[in-house]
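Peer 1: Here it is, the structure, as structure tokens.
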Amino acid sequence: MDLDLSSFVSSNGYALLVLGLVLEGETAVVLASVAAHRGWLQLGAVGAIAFAGAWCSDQCAYWLGRTQGRALLERWHRLQPAFARAGLLVRRHPRSCVLGVRFAWGMRIAGPAVIGASGMPPARFMAWSALAAALWASTYCAAGWFFGEAAQRLLAHAAGVQIAVLAALAVAGVAVWLLRRRRRA
């Protein structure tokens, strides 16, 4: 059985992107955008899926915070001071918080949940979250597209030196092996 990467990605790329959004969003969008650059996927579809996944996950976390946030604080008292500071920040800078948590590593779930628990109106959160998701999807789609372009150019220039690079790697590997063998002896 011969695995053809281009046909595999063309057939399954969008489903893999959805799965990747659940696991590691930025990486999944960048890789899908590289695949779009190669012609295996459509960049517009990648961007639309990335936007929808980001926006939907923000909504789920927001509603979790809005409906269960107070109960969680009652259960875990040690979170109350941090939540009070975060709630104050959300009330002072609501738009910046919604935009910021979309790009803040480690805050993808907690941020919208805190915003939901802080009392931001749902319609306002939905609108700002849509803008944040659009900016996020656009940023990582563009990064993947340009990364694909840079990789293609680099590989095109490297085609003439592939044998020399492989030979240098082989020599380096043998040298490391000999050094380790010599140290053991």
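Chain lettering (A, B, ...) mirrors the order of the structure tokens, residue numbering begins at 1 for each chain separately, and ligand numbering begins at 1 in order of display.
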Stretch 136-150 of chain A: which residues within 10 Å, counting only C-alpha atoms, same-chain residues fewer than 4 positions away excluded, as a PyMOL selection string?
Peer 2: chain A and resi 25-38+43-44+46-55+99+102-103+130-132+154-156
Peer 1: Which residues are near stretch 113-125 of chain A? Cut-off 7 Å, only C-alpha atoms, ignore same chain within fewer than 6 positions. Put them as a PyMOL selection string.
Peer 2: chain A and resi 61-66+69-70+87+90
Peer 1: Find the distance between atom CA of A:Ala15 and atom CA of A:Gln42 and write it in Å to one decimal.
Peer 2: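 Computing the Euclidean distance for atom CA of A:Ala15 and atom CA of A:Gln42 yields 13.2 Å.
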Peer 1: Quick one: distance from atom CA of A:Pro94 to atom CA of A:Val18 in Å, one decimal?
Peer 2: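 Answer for the atom CA of A:Pro94 to atom CA of A:Val18 separation: 28.6 Å.
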